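Structure file target.pdb (PDB, C-alpha atoms) is printed below.
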MODEL        1
ATOM      1  CA  MET A   1       1.582  43.514  -3.226
ATOM      2  CA  SER A   2      -2.069  44.072  -4.087
ATOM      3  CA  LYS A   3      -4.826  44.368  -1.547
ATOM      4  CA  THR A   4      -7.255  41.473  -1.330
ATOM      5  CA  LYS A   5     -10.901  42.229  -2.021
ATOM      6  CA  SER A   6     -12.425  40.063   0.692
ATOM      7  CA  ILE A   7     -15.530  38.792  -1.057
ATOM      8  CA  THR A   8     -15.301  35.591   0.983
ATOM      9  CA  GLU A   9     -15.832  37.639   4.157
ATOM     10  CA  SER A  10     -18.690  39.693   2.712
ATOM     11  CA  PRO A  11     -22.090  39.397   4.408
ATOM     12  CA  SER A  12     -24.439  36.745   3.117
ATOM     13  CA  LYS A  13     -27.096  37.943   0.672
ATOM     14  CA  TYR A  14     -29.706  36.409   2.973
ATOM     15  CA  ASP A  15     -30.912  37.673   6.349
ATOM     16  CA  ASP A  16     -32.586  35.822   9.229
ATOM     17  CA  ILE A  17     -31.788  32.385   7.816
ATOM     18  CA  ASP A  18     -32.049  31.032  11.363
ATOM     19  CA  ARG A  19     -35.796  31.625  11.065
ATOM     20  CA  TRP A  20     -36.202  29.865   7.727
ATOM     21  CA  SER A  21     -37.788  26.483   7.141
ATOM     22  CA  ILE A  22     -35.466  23.596   6.336
ATOM     23  CA  ARG A  23     -36.837  23.515   2.773
ATOM     24  CA  GLN A  24     -36.039  27.197   2.247
ATOM     25  CA  ILE A  25     -32.521  26.723   3.626
ATOM     26  CA  LEU A  26     -31.814  23.774   1.355
ATOM     27  CA  GLU A  27     -33.328  25.282  -1.789
ATOM     28  CA  THR A  28     -31.410  28.529  -1.319
ATOM     29  CA  MET A  29     -28.139  26.726  -0.679
ATOM     30  CA  ASN A  30     -28.739  24.722  -3.834
ATOM     31  CA  LYS A  31     -29.417  27.922  -5.791
ATOM     32  CA  GLU A  32     -26.136  29.394  -4.581
ATOM     33  CA  ASP A  33     -24.234  26.180  -5.341
ATOM     34  CA  MET A  34     -25.374  26.387  -8.959
ATOM     35  CA  LEU A  35     -23.194  29.482  -9.344
ATOM     36  CA  VAL A  36     -20.013  27.559  -8.571
ATOM     37  CA  PRO A  37     -19.488  25.661 -11.870
ATOM     38  CA  LEU A  38     -20.066  28.889 -13.785
ATOM     39  CA  ALA A  39     -17.338  30.624 -11.793
ATOM     40  CA  VAL A  40     -14.993  27.670 -12.365
ATOM     41  CA  LYS A  41     -15.713  27.823 -16.107
ATOM     42  CA  GLU A  42     -14.326  31.366 -16.204
ATOM     43  CA  GLN A  43     -10.982  30.026 -14.976
ATOM     44  CA  ILE A  44     -10.584  27.145 -17.443
ATOM     45  CA  PRO A  45      -7.881  29.008 -19.454
ATOM     46  CA  GLN A  46      -5.785  29.329 -16.283
ATOM     47  CA  ILE A  47      -6.451  25.736 -15.259
ATOM     48  CA  GLU A  48      -5.430  24.638 -18.762
ATOM     49  CA  LYS A  49      -2.091  26.454 -18.420
ATOM     50  CA  LEU A  50      -1.444  24.669 -15.154
ATOM     51  CA  VAL A  51      -2.401  21.205 -16.412
ATOM     52  CA  GLU A  52      -0.228  21.573 -19.509
ATOM     53  CA  ALA A  53       2.811  22.695 -17.522
ATOM     54  CA  LEU A  54       2.230  20.189 -14.723
ATOM     55  CA  THR A  55       1.967  17.275 -17.139
ATOM     56  CA  GLU A  56       5.294  18.092 -18.761
ATOM     57  CA  ARG A  57       6.971  18.460 -15.397
ATOM     58  CA  ILE A  58       5.659  15.116 -14.167
ATOM     59  CA  LYS A  59       6.979  13.513 -17.350
ATOM     60  CA  SER A  60      10.390  14.890 -16.394
ATOM     61  CA  GLY A  61      10.223  13.410 -12.897
ATOM     62  CA  GLY A  62       8.437  16.219 -11.089
ATOM     63  CA  ARG A  63       5.777  15.986  -8.401
ATOM     64  CA  LEU A  64       2.754  18.029  -7.369
ATOM     65  CA  PHE A  65       2.481  19.578  -3.899
ATOM     66  CA  TYR A  66      -0.671  21.086  -2.405
ATOM     67  CA  LEU A  67      -0.381  23.594   0.440
ATOM     68  CA  GLY A  68      -3.400  24.682   2.462
ATOM     69  CA  ALA A  69      -4.850  25.373   5.894
ATOM     70  CA  GLY A  70      -8.165  24.236   7.323
ATOM     71  CA  THR A  71     -10.740  23.242   4.703
ATOM     72  CA  SER A  72      -8.337  24.124   1.878
ATOM     73  CA  GLY A  73      -5.627  21.884   3.284
ATOM     74  CA  ARG A  74      -8.057  19.018   3.787
ATOM     75  CA  LEU A  75      -9.273  19.287   0.207
ATOM     76  CA  GLY A  76      -5.699  19.119  -1.086
ATOM     77  CA  ILE A  77      -4.987  16.044   1.024
ATOM     78  CA  LEU A  78      -8.214  14.424  -0.181
ATOM     79  CA  ASP A  79      -7.305  14.925  -3.828
ATOM     80  CA  ALA A  80      -3.740  13.730  -3.306
ATOM     81  CA  SER A  81      -4.890  10.609  -1.462
ATOM     82  CA  GLU A  82      -7.246   9.601  -4.273
ATOM     83  CA  ILE A  83      -4.662   9.627  -7.069
ATOM     84  CA  PRO A  84      -2.852   6.337  -6.264
ATOM     85  CA  PRO A  85      -5.973   4.138  -6.023
ATOM     86  CA  THR A  86      -7.714   5.813  -8.951
ATOM     87  CA  PHE A  87      -4.820   5.997 -11.389
ATOM     88  CA  GLY A  88      -2.205   3.622  -9.980
ATOM     89  CA  ALA A  89       0.217   6.530  -9.526
ATOM     90  CA  PRO A  90       2.968   6.433  -6.887
ATOM     91  CA  TYR A  91       1.951   7.667  -3.442
ATOM     92  CA  ASP A  92       4.605  10.392  -3.549
ATOM     93  CA  LEU A  93       3.558  11.853  -6.904
ATOM     94  CA  VAL A  94       0.862  14.149  -5.474
ATOM     95  CA  ILE A  95       1.524  15.315  -1.922
ATOM     96  CA  GLY A  96      -0.960  17.246   0.210
ATOM     97  CA  LEU A  97       0.329  19.279   3.157
ATOM     98  CA  ILE A  98      -1.814  21.067   5.744
ATOM     99  CA  ALA A  99      -0.885  23.744   8.264
ATOM    100  CA  GLY A 100      -0.530  22.057  11.643
ATOM    101  CA  GLY A 101       0.396  18.668  10.207
ATOM    102  CA  ASP A 102      -1.689  15.523   9.955
ATOM    103  CA  SER A 103      -3.444  16.150  13.262
ATOM    104  CA  ALA A 104      -5.057  19.214  11.641
ATOM    105  CA  ILE A 105      -6.917  16.979   9.202
ATOM    106  CA  ARG A 106      -9.461  16.165  11.910
ATOM    107  CA  LYS A 107      -8.971  18.934  14.460
ATOM    108  CA  ALA A 108      -8.069  22.592  13.963
ATOM    109  CA  VAL A 109      -4.580  23.515  15.185
ATOM    110  CA  GLU A 110      -4.509  27.001  16.702
ATOM    111  CA  SER A 111      -2.500  29.609  14.755
ATOM    112  CA  ALA A 112      -0.925  26.962  12.498
ATOM    113  CA  GLU A 113      -1.788  28.894   9.340
ATOM    114  CA  ASP A 114      -0.099  32.091  10.557
ATOM    115  CA  ASP A 115       3.525  30.953  10.074
ATOM    116  CA  PRO A 116       4.794  31.773   6.543
ATOM    117  CA  GLU A 117       7.974  29.725   7.015
ATOM    118  CA  GLN A 118       6.397  26.455   8.137
ATOM    119  CA  SER A 119       5.081  25.297   4.758
ATOM    120  CA  TRP A 120       8.539  25.168   3.175
ATOM    121  CA  ALA A 121       9.796  23.390   6.282
ATOM    122  CA  ASP A 122       6.963  20.868   5.817
ATOM    123  CA  MET A 123       8.070  20.342   2.217
ATOM    124  CA  ALA A 124      11.746  19.959   3.091
ATOM    125  CA  PRO A 125      11.649  16.203   3.939
ATOM    126  CA  TYR A 126      10.462  15.583   0.358
ATOM    127  CA  GLU A 127      13.528  17.381  -1.022
ATOM    128  CA  PRO A 128      11.668  19.600  -3.519
ATOM    129  CA  THR A 129      13.385  20.426  -6.802
ATOM    130  CA  ALA A 130      12.772  22.820  -9.683
ATOM    131  CA  LYS A 131      10.957  20.001 -11.521
ATOM    132  CA  ASP A 132       8.152  20.091  -8.953
ATOM    133  CA  THR A 133       4.921  22.095  -8.924
ATOM    134  CA  VAL A 134       3.259  23.712  -5.910
ATOM    135  CA  VAL A 135      -0.405  24.711  -5.764
ATOM    136  CA  GLY A 136      -1.419  26.894  -2.838
ATOM    137  CA  ILE A 137      -5.078  26.631  -1.833
ATOM    138  CA  ALA A 138      -6.626  29.459   0.200
ATOM    139  CA  ALA A 139     -10.141  30.796  -0.219
ATOM    140  CA  SER A 140      -9.147  34.140   1.294
ATOM    141  CA  GLY A 141      -5.941  34.486  -0.718
ATOM    142  CA  ARG A 142      -4.106  35.785   2.327
ATOM    143  CA  THR A 143      -3.129  32.733   4.422
ATOM    144  CA  PRO A 144       0.523  33.210   5.513
ATOM    145  CA  TYR A 145       1.277  29.465   5.563
ATOM    146  CA  VAL A 146       0.262  29.200   1.905
ATOM    147  CA  ILE A 147       1.724  32.486   0.649
ATOM    148  CA  GLY A 148       5.044  31.827   2.352
ATOM    149  CA  GLY A 149       5.265  28.365   0.831
ATOM    150  CA  VAL A 150       4.518  29.325  -2.760
ATOM    151  CA  ALA A 151       6.740  32.397  -2.567
ATOM    152  CA  ARG A 152       9.704  30.307  -1.409
ATOM    153  CA  ALA A 153       8.924  27.604  -3.962
ATOM    154  CA  ARG A 154       8.840  30.167  -6.766
ATOM    155  CA  LYS A 155      12.178  31.564  -5.608
ATOM    156  CA  GLU A 156      13.627  28.036  -5.725
ATOM    157  CA  GLY A 157      12.461  27.577  -9.338
ATOM    158  CA  LEU A 158       9.375  25.417  -8.801
ATOM    159  CA  LEU A 159       6.261  26.098 -10.865
ATOM    160  CA  THR A 160       3.675  27.744  -8.630
ATOM    161  CA  ALA A 161      -0.092  28.144  -8.882
ATOM    162  CA  CYS A 162      -2.970  28.885  -6.546
ATOM    163  CA  ILE A 163      -6.685  28.358  -6.081
ATOM    164  CA  THR A 164      -8.410  31.250  -4.347
ATOM    165  CA  ASN A 165     -11.849  32.844  -4.169
ATOM    166  CA  ASN A 166     -10.913  36.499  -3.800
ATOM    167  CA  PRO A 167      -9.665  38.577  -6.745
ATOM    168  CA  ASP A 168      -6.379  40.503  -6.685
ATOM    169  CA  SER A 169      -5.013  38.667  -3.666
ATOM    170  CA  ALA A 170      -1.551  38.491  -2.177
ATOM    171  CA  LEU A 171      -1.554  34.779  -2.946
ATOM    172  CA  ALA A 172      -2.317  35.357  -6.625
ATOM    173  CA  ASP A 173       0.559  37.860  -6.757
ATOM    174  CA  ALA A 174       2.924  35.260  -5.338
ATOM    175  CA  VAL A 175       2.418  32.553  -8.006
ATOM    176  CA  ASP A 176       3.026  31.951 -11.704
ATOM    177  CA  ILE A 177      -0.506  30.760 -12.499
ATOM    178  CA  PRO A 178      -3.312  32.199 -10.341
ATOM    179  CA  ILE A 179      -6.731  30.524 -10.467
ATOM    180  CA  GLU A 180      -9.241  32.955  -8.970
ATOM    181  CA  VAL A 181     -12.724  31.452  -8.698
ATOM    182  CA  VAL A 182     -15.001  34.250  -7.526
ATOM    183  CA  VAL A 183     -18.162  32.572  -6.235
ATOM    184  CA  GLY A 184     -19.509  35.518  -4.241
ATOM    185  CA  PRO A 185     -20.510  35.735  -0.566
ATOM    186  CA  GLU A 186     -21.207  32.496   1.237
ATOM    187  CA  PHE A 187     -24.727  31.481   2.272
ATOM    188  CA  VAL A 188     -23.519  31.575   5.885
ATOM    189  CA  THR A 189     -21.286  34.636   6.115
ATOM    190  CA  GLY A 190     -17.606  33.692   5.874
ATOM    191  CA  SER A 191     -18.179  29.928   5.804
ATOM    192  CA  THR A 192     -15.760  29.107   2.999
ATOM    193  CA  ARG A 193     -16.280  25.368   3.462
ATOM    194  CA  MET A 194     -19.381  25.959   1.342
ATOM    195  CA  LYS A 195     -19.200  27.498  -2.164
ATOM    196  CA  SER A 196     -15.499  28.277  -1.938
ATOM    197  CA  GLY A 197     -14.683  24.750  -0.813
ATOM    198  CA  THR A 198     -16.872  23.283  -3.538
ATOM    199  CA  SER A 199     -15.096  25.352  -6.168
ATOM    200  CA  ALA A 200     -11.687  24.224  -4.918
ATOM    201  CA  LYS A 201     -12.767  20.577  -5.104
ATOM    202  CA  LEU A 202     -13.941  21.035  -8.691
ATOM    203  CA  VAL A 203     -10.679  22.691  -9.726
ATOM    204  CA  LEU A 204      -8.574  20.031  -7.983
ATOM    205  CA  ASN A 205     -10.534  17.340  -9.821
ATOM    206  CA  MET A 206      -9.761  19.077 -13.111
ATOM    207  CA  ILE A 207      -6.051  19.521 -12.386
ATOM    208  CA  THR A 208      -5.206  15.949 -11.450
ATOM    209  CA  THR A 209      -7.700  14.181 -13.709
ATOM    210  CA  GLY A 210      -6.578  16.240 -16.697
ATOM    211  CA  ALA A 211      -2.926  15.529 -15.946
ATOM    212  CA  MET A 212      -3.475  11.805 -15.347
ATOM    213  CA  ILE A 213      -5.374  11.436 -18.639
ATOM    214  CA  LYS A 214      -2.567  13.164 -20.561
ATOM    215  CA  LEU A 215      -0.027  10.973 -18.769
ATOM    216  CA  GLY A 216      -1.747   7.879 -20.188
ATOM    217  CA  LYS A 217      -3.431   6.717 -16.994
ATOM    218  CA  VAL A 218      -6.790   6.461 -18.792
ATOM    219  CA  GLN A 219      -7.546   4.407 -21.901
ATOM    220  CA  GLY A 220     -10.675   5.450 -23.765
ATOM    221  CA  ASN A 221     -12.672   6.526 -20.734
ATOM    222  CA  LYS A 222     -11.472   3.872 -18.278
ATOM    223  CA  MET A 223      -8.983   4.037 -15.391
ATOM    224  CA  VAL A 224      -7.034   0.944 -16.395
ATOM    225  CA  ASP A 225      -4.348   1.426 -13.729
ATOM    226  CA  MET A 226      -6.706   1.595 -10.738
ATOM    227  CA  GLN A 227      -5.753  -0.348  -7.637
ATOM    228  CA  LEU A 228      -7.930  -3.365  -6.853
ATOM    229  CA  THR A 229      -8.595  -2.459  -3.249
ATOM    230  CA  ASN A 230     -12.075  -3.975  -2.895
ATOM    231  CA  GLN A 231     -14.529  -6.358  -4.532
ATOM    232  CA  LYS A 232     -16.384  -3.554  -6.317
ATOM    233  CA  LEU A 233     -13.200  -2.533  -8.118
ATOM    234  CA  VAL A 234     -12.372  -6.135  -8.986
ATOM    235  CA  GLU A 235     -15.795  -6.468 -10.600
ATOM    236  CA  ARG A 236     -15.333  -3.158 -12.422
ATOM    237  CA  GLY A 237     -11.939  -4.259 -13.694
ATOM    238  CA  THR A 238     -13.407  -7.562 -14.851
ATOM    239  CA  ARG A 239     -16.039  -5.724 -16.880
ATOM    240  CA  MET A 240     -13.384  -3.494 -18.414
ATOM    241  CA  ILE A 241     -11.397  -6.500 -19.568
ATOM    242  CA  MET A 242     -14.467  -8.209 -20.993
ATOM    243  CA  GLU A 243     -15.372  -5.077 -22.959
ATOM    244  CA  GLU A 244     -11.925  -4.941 -24.580
ATOM    245  CA  THR A 245     -11.334  -8.671 -25.135
ATOM    246  CA  THR A 246     -13.241 -11.863 -25.916
ATOM    247  CA  LEU A 247     -12.624 -13.268 -22.432
ATOM    248  CA  ASP A 248     -15.595 -14.406 -20.364
ATOM    249  CA  ALA A 249     -16.186 -13.163 -16.835
ATOM    250  CA  LYS A 250     -14.527 -16.076 -15.072
ATOM    251  CA  GLU A 251     -11.300 -15.922 -17.090
ATOM    252  CA  ALA A 252     -11.184 -12.127 -17.071
ATOM    253  CA  LYS A 253     -11.428 -12.078 -13.284
ATOM    254  CA  ARG A 254      -8.841 -14.852 -12.888
ATOM    255  CA  LEU A 255      -6.315 -12.987 -15.004
ATOM    256  CA  LEU A 256      -7.079  -9.693 -13.313
ATOM    257  CA  LEU A 257      -6.384 -11.164  -9.884
ATOM    258  CA  LEU A 258      -3.272 -12.887 -11.224
ATOM    259  CA  TYR A 259      -1.711  -9.787 -12.777
ATOM    260  CA  GLY A 260      -3.372  -7.135 -10.608
ATOM    261  CA  SER A 261      -3.931  -4.691 -13.450
ATOM    262  CA  VAL A 262      -6.557  -4.147 -16.129
ATOM    263  CA  ARG A 263      -3.899  -2.662 -18.386
ATOM    264  CA  LYS A 264      -1.576  -5.645 -17.965
ATOM    265  CA  VAL A 265      -4.290  -8.197 -18.771
ATOM    266  CA  GLN A 266      -5.364  -6.258 -21.867
ATOM    267  CA  GLU A 267      -1.772  -5.959 -23.084
ATOM    268  CA  ILE A 268      -1.135  -9.684 -22.626
ATOM    269  CA  TRP A 269      -4.372 -10.601 -24.392
ATOM    270  CA  LYS A 270      -3.639  -8.308 -27.346
ATOM    271  CA  SER A 271      -0.132  -9.669 -27.721
ATOM    272  CA  GLU A 272      -1.477 -13.207 -27.817
ATOM    273  CA  GLN A 273      -3.845 -12.291 -30.654
ATOM    274  CA  LYS A 274      -0.999 -11.319 -32.977
TER     275      LYS A 274
ENDMDL
END
Please express the file's structure as structure tokens.
Amino acid sequence: MSKTKSITESPSKYDDIDRWSIRQILETMNKEDMLVPLAVKEQIPQIEKLVEALTERIKSGGRLFYLGAGTSGRLGILDASEIPPTFGAPYDLVIGLIAGGDSAIRKAVESAEDDPEQSWADMAPYEPTAKDTVVGIAASGRTPYVIGGVARARKEGLLTACITNNPDSALADAVDIPIEVVVGPEFVTGSTRMKSGTSAKLVLNMITTGAMIKLGKVQGNKMVDMQLTNQKLVERGTRMIMEETTLDAKEAKRLLLLYGSVRKVQEIWKSEQK
């Protein structure tokens, strides 16, 4: 097992920031944040491998699990929770699990991330199979909860990947597809909710959005399977239908509310034109 180079724990490049003006703090944070997309870009080949493999596995009935602790776990849960309303996917297609359970979403649970066996136990109620994919998220690359989970998943035949911000980590060694986004020291020393967290969010966006597009959940550039959970989305769906048909706003909205799906309305309208 390789030794993690703990860049995420390295001292900030900036001293005495507690004496800075608010403007200087904000401008310097912004300057550091600009480095994040460039670091993510370096990992696109690895992200591509994951999206390709994940898409095929979902087509075969597989699911995607995220494992993380603290900020990393919360980011995985956030991404998982946004997939059903955005793409109309089942709620159990992308599953986010956090060390310490749901209570850890809002409040840190002491020592929860230190148990390497707990993550697989947390997955057990979902009855994971070899068709599934597990992505471990840990800025440090050394979180036992995450490493233990992906290592067991890999042993059981699941596809495994990780998102980390330290190179040559134990977590990267434990997975099939490591995604190592090296963003450098944090503005506030060790505060991985900052650049590291931002990089994880960007990569998670790429993984699930890329997979959902290739699974047909987007037509053109529109999320035609989105759930109509509020008036804003109803109005958006109405505009989508109007752009693809000759229906006026009133009829487009009526049909959308009747069938509950932009895709369904468009399919019915096209069939009636034949």
Top pick for closest residue to Thr28 (chain A), considering A:Gln227, A:Tyr14, A:Glu235, A:Gly216 and counting only C-alpha atoms: A:Tyr14
Which residues of region 12-126 of chain A sit at most 9 Å from region 179-199 of chain A, using only C-alpha atoms? Give each one's shortest atom pair and distance in Å (one decimal place), in chain and ascending residue order, as a Markdown table.
| residue | atom | partner | partner_atom | distance |
| --- | --- | --- | --- | --- |
| A:Ser12 | CA | A:Thr189 | CA | 4.8 |
| A:Lys13 | CA | A:Pro185 | CA | 7.1 |
| A:Tyr14 | CA | A:Phe187 | CA | 7.0 |
| A:Ile17 | CA | A:Val188 | CA | 8.5 |
| A:Thr28 | CA | A:Phe187 | CA | 8.1 |
| A:Met29 | CA | A:Phe187 | CA | 6.6 |
| A:Glu32 | CA | A:Phe187 | CA | 7.3 |
| A:Asp33 | CA | A:Lys195 | CA | 6.1 |
| A:Leu35 | CA | A:Val183 | CA | 6.7 |
| A:Val36 | CA | A:Val183 | CA | 5.8 |
| A:Pro37 | CA | A:Ser199 | CA | 7.2 |
| A:Leu38 | CA | A:Val183 | CA | 8.6 |
| A:Ala39 | CA | A:Val181 | CA | 5.6 |
| A:Val40 | CA | A:Val181 | CA | 5.7 |
| A:Lys41 | CA | A:Val181 | CA | 8.8 |
| A:Glu42 | CA | A:Val181 | CA | 7.7 |
| A:Gln43 | CA | A:Ile179 | CA | 6.2 |
| A:Ile44 | CA | A:Ile179 | CA | 8.7 |
| A:Gln46 | CA | A:Ile179 | CA | 6.0 |
| A:Ile47 | CA | A:Ile179 | CA | 6.8 |
| A:Thr71 | CA | A:Arg193 | CA | 6.1 |
| A:Ser72 | CA | A:Gly197 | CA | 6.9 |
| A:Leu75 | CA | A:Gly197 | CA | 7.8 |
Atom-to-atom span, CA of Ala104 (chain A) and CA of Thr160 (chain A), Å: 23.7 Å
Non-local contacts of Ile241 (chain A) (12 Å; only C-alpha atoms; under 4 positions in same chain excluded) as an MDAnalysis selection string: chainID A and resid 219 222:224 234:237 245:257 261:270
Residues in the PyMOL selection byres ((chain A and resi 169) around 12), expressed as an MDAnalysis selection string: chainID A and resid 1:8 138:143 147 162:168 170:175 178:182
Expected selection from the PyMOL selection byres ((chain A and resi 113) around 8), given as a VMD selection string: chain A and resid 69 99 to 100 111 to 112 114 to 116 143 to 146
Just the selected residues (C-alpha atoms), exported as a compact mmCIF listing (two decimals), in the coordinates of the input, please.
# COMPACT_ATOMS: atom_id res chain seq x y z
CA ALA A 69 -4.85 25.37 5.89
CA ALA A 99 -0.88 23.74 8.26
CA GLY A 100 -0.53 22.06 11.64
CA SER A 111 -2.50 29.61 14.76
CA ALA A 112 -0.92 26.96 12.50
CA ASP A 114 -0.10 32.09 10.56
CA ASP A 115 3.52 30.95 10.07
CA PRO A 116 4.79 31.77 6.54
CA THR A 143 -3.13 32.73 4.42
CA PRO A 144 0.52 33.21 5.51
CA TYR A 145 1.28 29.46 5.56
CA VAL A 146 0.26 29.20 1.90
Edge lengths and centre in Å to one decimal, as lines of an AutoDock Vina configuration file, of the axis-aligned box that encloses all listed atoms of region 239-256 of chain A with 8 Å added on every side?
center_x = -11.3
center_y = -9.8
center_z = -19.4
size_x = 25.9
size_y = 28.6
size_z = 29.0
Explicit residues for the PyMOL selection byres ((chain A and resi 158) around 7) (as a list in words): Thr129, Ala130, Lys131, Asp132, Thr133, Val134, Ala153, Arg154, Glu156, Gly157, Leu159 and Thr160 of chain A
Point-to-point distance in Å for CA of Pro85 (chain A) and CA of Arg239 (chain A):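 A separation of 17.8 Å between them.
Residues surrounding Tyr91 (chain A) within 12 Å are Arg63, Leu64, Phe65, Ile77, Asp79, Ala80, Ser81, Glu82, Ile83, Pro84, Pro85, Thr86, Gly96 and Gln227 of chain A [only C-alpha atoms; sequence separation below 5 positions excluded].
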Residue with smallest distance to Leu204 (chain A) - pool A:Gly101, A:Gly136, A:Pro125, A:Gly62, counting only C-alpha atoms: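 Distance minimum relative to Leu204 (chain A) lands on A:Gly136.
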Since the input lacks atoms, please generate N, CA and C atoms for region 167-182 of chain A and provide them as a PDB file, in the frame of the given file.
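Done, and the output landed in out.pdb:
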ATOM      1  N   PRO A 167     -10.479  38.027  -5.662  1.00  0.00           N
ATOM      2  CA  PRO A 167      -9.665  38.577  -6.745  1.00  0.00           C
ATOM      3  C   PRO A 167      -8.540  39.448  -6.203  1.00  0.00           C
ATOM      4  N   ASP A 168      -7.468  39.572  -6.998  1.00  0.00           N
ATOM      5  CA  ASP A 168      -6.379  40.503  -6.685  1.00  0.00           C
ATOM      6  C   ASP A 168      -5.769  40.266  -5.309  1.00  0.00           C
ATOM      7  N   SER A 169      -5.503  39.016  -4.997  1.00  0.00           N
ATOM      8  CA  SER A 169      -5.013  38.667  -3.666  1.00  0.00           C
ATOM      9  C   SER A 169      -3.497  38.614  -3.607  1.00  0.00           C
ATOM     10  N   ALA A 170      -2.986  38.651  -2.394  1.00  0.00           N
ATOM     11  CA  ALA A 170      -1.551  38.491  -2.177  1.00  0.00           C
ATOM     12  C   ALA A 170      -1.085  37.121  -2.653  1.00  0.00           C
ATOM     13  N   LEU A 171      -1.911  36.120  -2.490  1.00  0.00           N
ATOM     14  CA  LEU A 171      -1.554  34.779  -2.946  1.00  0.00           C
ATOM     15  C   LEU A 171      -1.433  34.740  -4.465  1.00  0.00           C
ATOM     16  N   ALA A 172      -2.386  35.334  -5.157  1.00  0.00           N
ATOM     17  CA  ALA A 172      -2.317  35.357  -6.625  1.00  0.00           C
ATOM     18  C   ALA A 172      -1.059  36.073  -7.103  1.00  0.00           C
ATOM     19  N   ASP A 173      -0.659  37.130  -6.400  1.00  0.00           N
ATOM     20  CA  ASP A 173       0.559  37.860  -6.757  1.00  0.00           C
ATOM     21  C   ASP A 173       1.815  37.015  -6.587  1.00  0.00           C
ATOM     22  N   ALA A 174       1.732  36.027  -5.705  1.00  0.00           N
ATOM     23  CA  ALA A 174       2.924  35.260  -5.338  1.00  0.00           C
ATOM     24  C   ALA A 174       3.185  34.064  -6.244  1.00  0.00           C
ATOM     25  N   VAL A 175       2.286  33.770  -7.208  1.00  0.00           N
ATOM     26  CA  VAL A 175       2.418  32.553  -8.006  1.00  0.00           C
ATOM     27  C   VAL A 175       2.521  32.851  -9.503  1.00  0.00           C
ATOM     28  N   ASP A 176       2.936  31.833 -10.246  1.00  0.00           N
ATOM     29  CA  ASP A 176       3.026  31.951 -11.704  1.00  0.00           C
ATOM     30  C   ASP A 176       1.662  31.880 -12.373  1.00  0.00           C
ATOM     31  N   ILE A 177       0.796  30.990 -11.874  1.00  0.00           N
ATOM     32  CA  ILE A 177      -0.506  30.760 -12.499  1.00  0.00           C
ATOM     33  C   ILE A 177      -1.597  30.879 -11.432  1.00  0.00           C
ATOM     34  N   PRO A 178      -2.217  32.049 -11.300  1.00  0.00           N
ATOM     35  CA  PRO A 178      -3.312  32.199 -10.341  1.00  0.00           C
ATOM     36  C   PRO A 178      -4.636  31.702 -10.919  1.00  0.00           C
ATOM     37  N   ILE A 179      -5.381  30.969 -10.109  1.00  0.00           N
ATOM     38  CA  ILE A 179      -6.731  30.524 -10.467  1.00  0.00           C
ATOM     39  C   ILE A 179      -7.665  31.149  -9.440  1.00  0.00           C
ATOM     40  N   GLU A 180      -8.413  32.162  -9.869  1.00  0.00           N
ATOM     41  CA  GLU A 180      -9.241  32.955  -8.970  1.00  0.00           C
ATOM     42  C   GLU A 180     -10.716  32.694  -9.283  1.00  0.00           C
ATOM     43  N   VAL A 181     -11.336  31.861  -8.469  1.00  0.00           N
ATOM     44  CA  VAL A 181     -12.724  31.452  -8.698  1.00  0.00           C
ATOM     45  C   VAL A 181     -13.625  32.283  -7.779  1.00  0.00           C
ATOM     46  N   VAL A 182     -14.225  33.320  -8.334  1.00  0.00           N
ATOM     47  CA  VAL A 182     -15.001  34.250  -7.526  1.00  0.00           C
ATOM     48  C   VAL A 182     -16.457  33.784  -7.477  1.00  0.00           C
TER      49      VAL A 182
END
